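Participant: Below: one structure in structure tokens.
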Amino acid sequence: MITIQDQRREERAQQFKQLTECSRCKPMGRLLRQFWQPVALADSVKAGGAIPLLIMGEELTLYRGDSGALHLVGGRCAHRRTLLHTGWVVGEEIRCIYHGWQFDGKGACVNRPAEANTGMPRTQIPAYPVKEYMGLVFAWMGEGEAPEFDLPRKLHLEREGTLVANGRERWDNNWFQQVENSLDAVHVSFVHMALTVGPFGAAVTGAIPELSYEETSAGIRQTAKRSESNVRVSDWTFPNNNHVTVPGLTPDDPWIDVFVWMIPNDEQNTTRFMIYGQQPGASEEARARFTDYFAKYGKYDPAEHHDELFASREWANPEDTFVGLTAAQDYLSIRGQARITAREDEILGRSDLGIVTLRKLFFRELELLEAGQPTKAWRSVGDAAALPKQPGQEAAA
């Protein structure tokens, strides 16, 4: 017998499912495609090279022409559907390995050698504009003309003297769980005390914060007040980017601005792209330490360590107390929810104000999209005001 409670649970499950979907035919997929999204590290493809990508459920080929310009086209040849990245880059075009069909950077077929190029059909594969910014490749995968490259710009990173590094992590769970984690300030007091306490956990401390949230022109500003002298602020940018600050690699190093994007590959896999900016004024030793650290530890993939993390719950890399440790701690909690969490079975409390705020915002935008009405015109906050540091153990020094 199906009870009213069962029916309500199923209704909640269907509502929450909207948050996790990312394909072009789903409302969330259409919403995400209204924004520039990072799709790759810029140094992952060299001139004359090509790599496969899976972004929001769509197979793609990213290649760099002989000129060094990047092109993003469909993942498979229009002829017999083999993967294009296995072929050759010819000038600014890419040729399929199977029968030599050749496509330009706009996705048009320009050569069918085995057909003697007679009666060339108007064969087209998808193609999207791309832009390199601070070591990441961003793509616009929406309909019509691409908007101004506004929200992805981070003015902190453009200040003279800022040192920049990049990161990429592959996670085997749904993207929206990671977005929600960005607006969950309370988790820091617990999750980042696990395995071992690094400089980030020590600075924030295990105190329970008072929470407040403000919708901005770009997204949501989150404030977590643990004491009068320990106030942590983060700026989350719609739909999937967060900005936080963390301690430097040593107590004397400048703090680091961290910008994180959560990009759905499909509904059960996510890539996180990061830009790290060491604030200006660092010594030569601190700058060298920053560069060396990210060259060695900057691309930790927690999913590759799934079994050992969940089995041992120990941190075996004492030299990596930032990127790897933070990712491993978050992975245990977020992946521990299952690959797609059952939100219909949650019991939320007052500490989940950020989660509630975030979901209401997304449901508002999805409802507008479904009704054929304009969604909010999200714009950059337009300044580079520094986020405050948390004193943590520094307060006792």
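A note on labels: chains of the structure tokens are A, B, ... as shown, every chain counts residues from 1, and ligands are counted from 1 in their shown order.
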Write out as a list in words which residues come within 12 Å of A:His156 when counting only C-alpha atoms, dropping same-chain ones fewer than 6 positions away.

Facilitator: Met134, Thr162, Leu163, Val164, His243, Val244, Thr245, Ile256, Asp257, Val258, Phe259, Ile275, Tyr276, Gly277, Gln278, Gln279, Pro280, Gly382, Asp383, Ala384, Ala385, Ala386 and Leu387 of chain A

Participant: Need to verify the contact set: stretch 189-204 of chain A, 8 Å, only C-alpha atoms, exclusion of same-chain residues closer than 3 positions in sequence. Can you return it as a tab-separated table (two decimals) with C-alpha atoms, in the first residue's frame?

Facilitator:
chain	number	residue	atom	x	y	z
A	185	ALA	CA	30.13	26.72	6.60
A	186	VAL	CA	29.54	24.42	9.56
A	207	ALA	CA	34.04	26.40	16.87
A	208	ILE	CA	30.44	26.42	15.64
A	230	ASN	CA	37.24	34.96	13.77
A	232	ARG	CA	35.14	33.78	7.74
A	246	VAL	CA	43.31	29.83	3.10
A	247	PRO	CA	46.61	30.13	5.00
A	313	ARG	CA	40.72	7.24	7.40
A	314	GLU	CA	44.36	8.23	7.73
A	315	TRP	CA	46.43	10.83	5.88
A	321	THR	CA	48.64	19.64	4.16
A	322	PHE	CA	46.70	21.82	1.72
A	325	LEU	CA	44.46	16.92	2.60
A	326	THR	CA	41.57	19.32	2.03
A	329	GLN	CA	38.66	15.43	3.93
A	330	ASP	CA	35.89	16.81	1.71
A	333	SER	CA	32.09	13.54	3.64
A	390	GLN	CA	40.51	33.77	10.21
A	391	PRO	CA	42.98	34.19	13.06
A	392	GLY	CA	42.43	30.75	14.59
A	393	GLN	CA	45.61	29.78	16.41
A	394	GLU	CA	47.17	33.09	15.34

Participant: Give me the residues near A:Gln268 as a ChimeraX atom specification, where near means some atom within 7 Å (using only C-alpha atoms) and where sequence neighbours in that chain fewer than 5 positions away do not count.

Facilitator: /A:172-174,339-340

Participant: Export N, CA, C and O atoms of the chosen residues as a PDB file, in the first residue's frame?

Facilitator:
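Resulting contents of again.pdb:
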ATOM      1  N   ASP A 172      33.989  11.116  -8.151  1.00  0.00           N
ATOM      2  CA  ASP A 172      32.987  10.179  -8.676  1.00  0.00           C
ATOM      3  C   ASP A 172      31.664  10.330  -7.949  1.00  0.00           C
ATOM      4  O   ASP A 172      31.099   9.382  -7.403  1.00  0.00           O
ATOM      5  N   ASN A 173      31.167  11.571  -7.930  1.00  0.00           N
ATOM      6  CA  ASN A 173      29.835  11.839  -7.379  1.00  0.00           C
ATOM      7  C   ASN A 173      29.237  13.029  -8.111  1.00  0.00           C
ATOM      8  O   ASN A 173      29.908  13.714  -8.882  1.00  0.00           O
ATOM      9  N   ASN A 174      27.962  13.279  -7.852  1.00  0.00           N
ATOM     10  CA  ASN A 174      27.254  14.351  -8.540  1.00  0.00           C
ATOM     11  C   ASN A 174      27.788  15.731  -8.158  1.00  0.00           C
ATOM     12  O   ASN A 174      28.135  15.986  -7.004  1.00  0.00           O
ATOM     13  N   ARG A 339      26.957   8.487  -4.512  1.00  0.00           N
ATOM     14  CA  ARG A 339      27.297   9.231  -5.744  1.00  0.00           C
ATOM     15  C   ARG A 339      26.245  10.291  -6.044  1.00  0.00           C
ATOM     16  O   ARG A 339      26.567  11.395  -6.494  1.00  0.00           O
ATOM     17  N   ILE A 340      24.979   9.974  -5.797  1.00  0.00           N
ATOM     18  CA  ILE A 340      23.903  10.974  -5.840  1.00  0.00           C
ATOM     19  C   ILE A 340      23.140  10.826  -4.535  1.00  0.00           C
ATOM     20  O   ILE A 340      22.494   9.807  -4.298  1.00  0.00           O
TER      21      ILE A 340
END

Participant: Running DSSP on the backbone, which parts of stretch 250-291 of chain A land in helix (DSSP H, G or I), as a PyMOL selection string?

Facilitator: chain A and resi 284-291

Participant: Residues of the last selection are to be written out with N, CA, C and O atoms, as a PDB file, in the first residue's frame.

Facilitator:
ATOM      1  N   GLU A 284      60.750  36.083  -2.224  1.00  0.00           N
ATOM      2  CA  GLU A 284      61.170  35.164  -3.278  1.00  0.00           C
ATOM      3  C   GLU A 284      61.098  33.721  -2.791  1.00  0.00           C
ATOM      4  O   GLU A 284      60.742  32.810  -3.544  1.00  0.00           O
ATOM      5  N   GLU A 285      61.441  33.512  -1.501  1.00  0.00           N
ATOM      6  CA  GLU A 285      61.360  32.154  -0.950  1.00  0.00           C
ATOM      7  C   GLU A 285      59.921  31.655  -0.922  1.00  0.00           C
ATOM      8  O   GLU A 285      59.635  30.494  -1.257  1.00  0.00           O
ATOM      9  N   ALA A 286      58.984  32.522  -0.561  1.00  0.00           N
ATOM     10  CA  ALA A 286      57.577  32.131  -0.517  1.00  0.00           C
ATOM     11  C   ALA A 286      57.033  31.862  -1.920  1.00  0.00           C
ATOM     12  O   ALA A 286      56.243  30.924  -2.125  1.00  0.00           O
ATOM     13  N   ARG A 287      57.453  32.661  -2.880  1.00  0.00           N
ATOM     14  CA  ARG A 287      57.002  32.449  -4.256  1.00  0.00           C
ATOM     15  C   ARG A 287      57.538  31.120  -4.792  1.00  0.00           C
ATOM     16  O   ARG A 287      56.821  30.368  -5.457  1.00  0.00           O
ATOM     17  N   ALA A 288      58.790  30.822  -4.494  1.00  0.00           N
ATOM     18  CA  ALA A 288      59.372  29.554  -4.939  1.00  0.00           C
ATOM     19  C   ALA A 288      58.677  28.378  -4.250  1.00  0.00           C
ATOM     20  O   ALA A 288      58.423  27.344  -4.874  1.00  0.00           O
ATOM     21  N   ARG A 289      58.356  28.547  -2.981  1.00  0.00           N
ATOM     22  CA  ARG A 289      57.674  27.490  -2.234  1.00  0.00           C
ATOM     23  C   ARG A 289      56.293  27.217  -2.833  1.00  0.00           C
ATOM     24  O   ARG A 289      55.873  26.069  -2.988  1.00  0.00           O
ATOM     25  N   PHE A 290      55.585  28.279  -3.184  1.00  0.00           N
ATOM     26  CA  PHE A 290      54.266  28.176  -3.815  1.00  0.00           C
ATOM     27  C   PHE A 290      54.368  27.419  -5.139  1.00  0.00           C
ATOM     28  O   PHE A 290      53.612  26.471  -5.402  1.00  0.00           O
ATOM     29  N   THR A 291      55.293  27.827  -5.986  1.00  0.00           N
ATOM     30  CA  THR A 291      55.459  27.196  -7.302  1.00  0.00           C
ATOM     31  C   THR A 291      55.844  25.727  -7.166  1.00  0.00           C
ATOM     32  O   THR A 291      55.272  24.856  -7.841  1.00  0.00           O
TER      33      THR A 291
END

Participant: Give the strand (DSSP E) residues of stretch 51-277 of chain A, as DSSP finds them on the backbone, and put them as a ChimeraX atom specification.

Facilitator: /A:51-55,58-64,70-74,88-90,93-95,102-103,109-111,127-128,130-133,136-139,163-171,210-215,219-227,230-237,241-246,256-266,269-277

Participant: Which residues come within 9 Å of A:Ala328, counting only C-alpha atoms, excluding same-chain residues fewer than 6 positions away, as an MDAnalysis selection string?

Facilitator: chainID A and resid 195 300:303 305:306 309 315

Participant: Would you export the selected residues with C-alpha atoms as a PDB file, in the first residue's frame, please?

Facilitator:
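Just written: out.pdb:
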ATOM      1  CA  LEU A 195      42.565  12.705   9.110  1.00  0.00           C
ATOM      2  CA  TYR A 300      45.461  15.265  -6.365  1.00  0.00           C
ATOM      3  CA  ASP A 301      42.493  13.110  -7.452  1.00  0.00           C
ATOM      4  CA  PRO A 302      40.674  11.854  -4.340  1.00  0.00           C
ATOM      5  CA  ALA A 303      38.602   9.262  -6.231  1.00  0.00           C
ATOM      6  CA  HIS A 305      42.316   6.908  -3.331  1.00  0.00           C
ATOM      7  CA  HIS A 306      38.712   5.978  -2.522  1.00  0.00           C
ATOM      8  CA  LEU A 309      40.581   6.774   2.449  1.00  0.00           C
ATOM      9  CA  TRP A 315      46.426  10.835   5.879  1.00  0.00           C
TER      10      TRP A 315
END

Participant: Rank nothing, just name the residue among A:Val179, A:Thr375, A:Arg350, A:Thr341 nearest to A:Phe363, using only C-alpha atoms.

Facilitator: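 The answer is A:Thr375, which sits nearest to A:Phe363.
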
Participant: Can you tell me, as a list in words, what residues are no more than 8 Å from stretch 13-25 of chain A when counting only C-alpha atoms, ignoring any on the same chain fewer than 3 positions away?

Facilitator: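 In the requested format, the answer is Arg9, Glu10, Met28, Gly29, Arg30, Leu32, Arg33, Met56, Gly57, Glu58, Asn174, Trp175, Phe176, Pro264, Asp266, Glu267, Ile340, Ala342, Arg343, Glu344 and Phe362 of chain A.
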
Participant: Find the distance between atom CA of A:Asn317 and atom CA of A:Gln177 and write it in Å to one decimal.

Facilitator: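 Answer for the atom CA of A:Asn317 to atom CA of A:Gln177 separation: 25.8 Å.
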
Participant: What does the structure give for the distance between atom CA of A:Phe238 and atom CA of A:Trp140, in Å to one decimal?

Facilitator: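 These two atoms are separated by 15.1 Å.
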
Participant: Hey, what's within 6 Å of stretch 85-90 of chain A if we count only C-alpha atoms and toss same-chain stuff fewer than 5 positions away? As a ChimeraX atom specification, please?

Facilitator: /A:48,50-52,61,95-97

Participant: Which distance in Å separates atom CA of A:Pro126 and atom CA of A:Leu62, to one decimal?

Facilitator: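 Pair atom CA of A:Pro126 / atom CA of A:Leu62 returns 11.7 Å.
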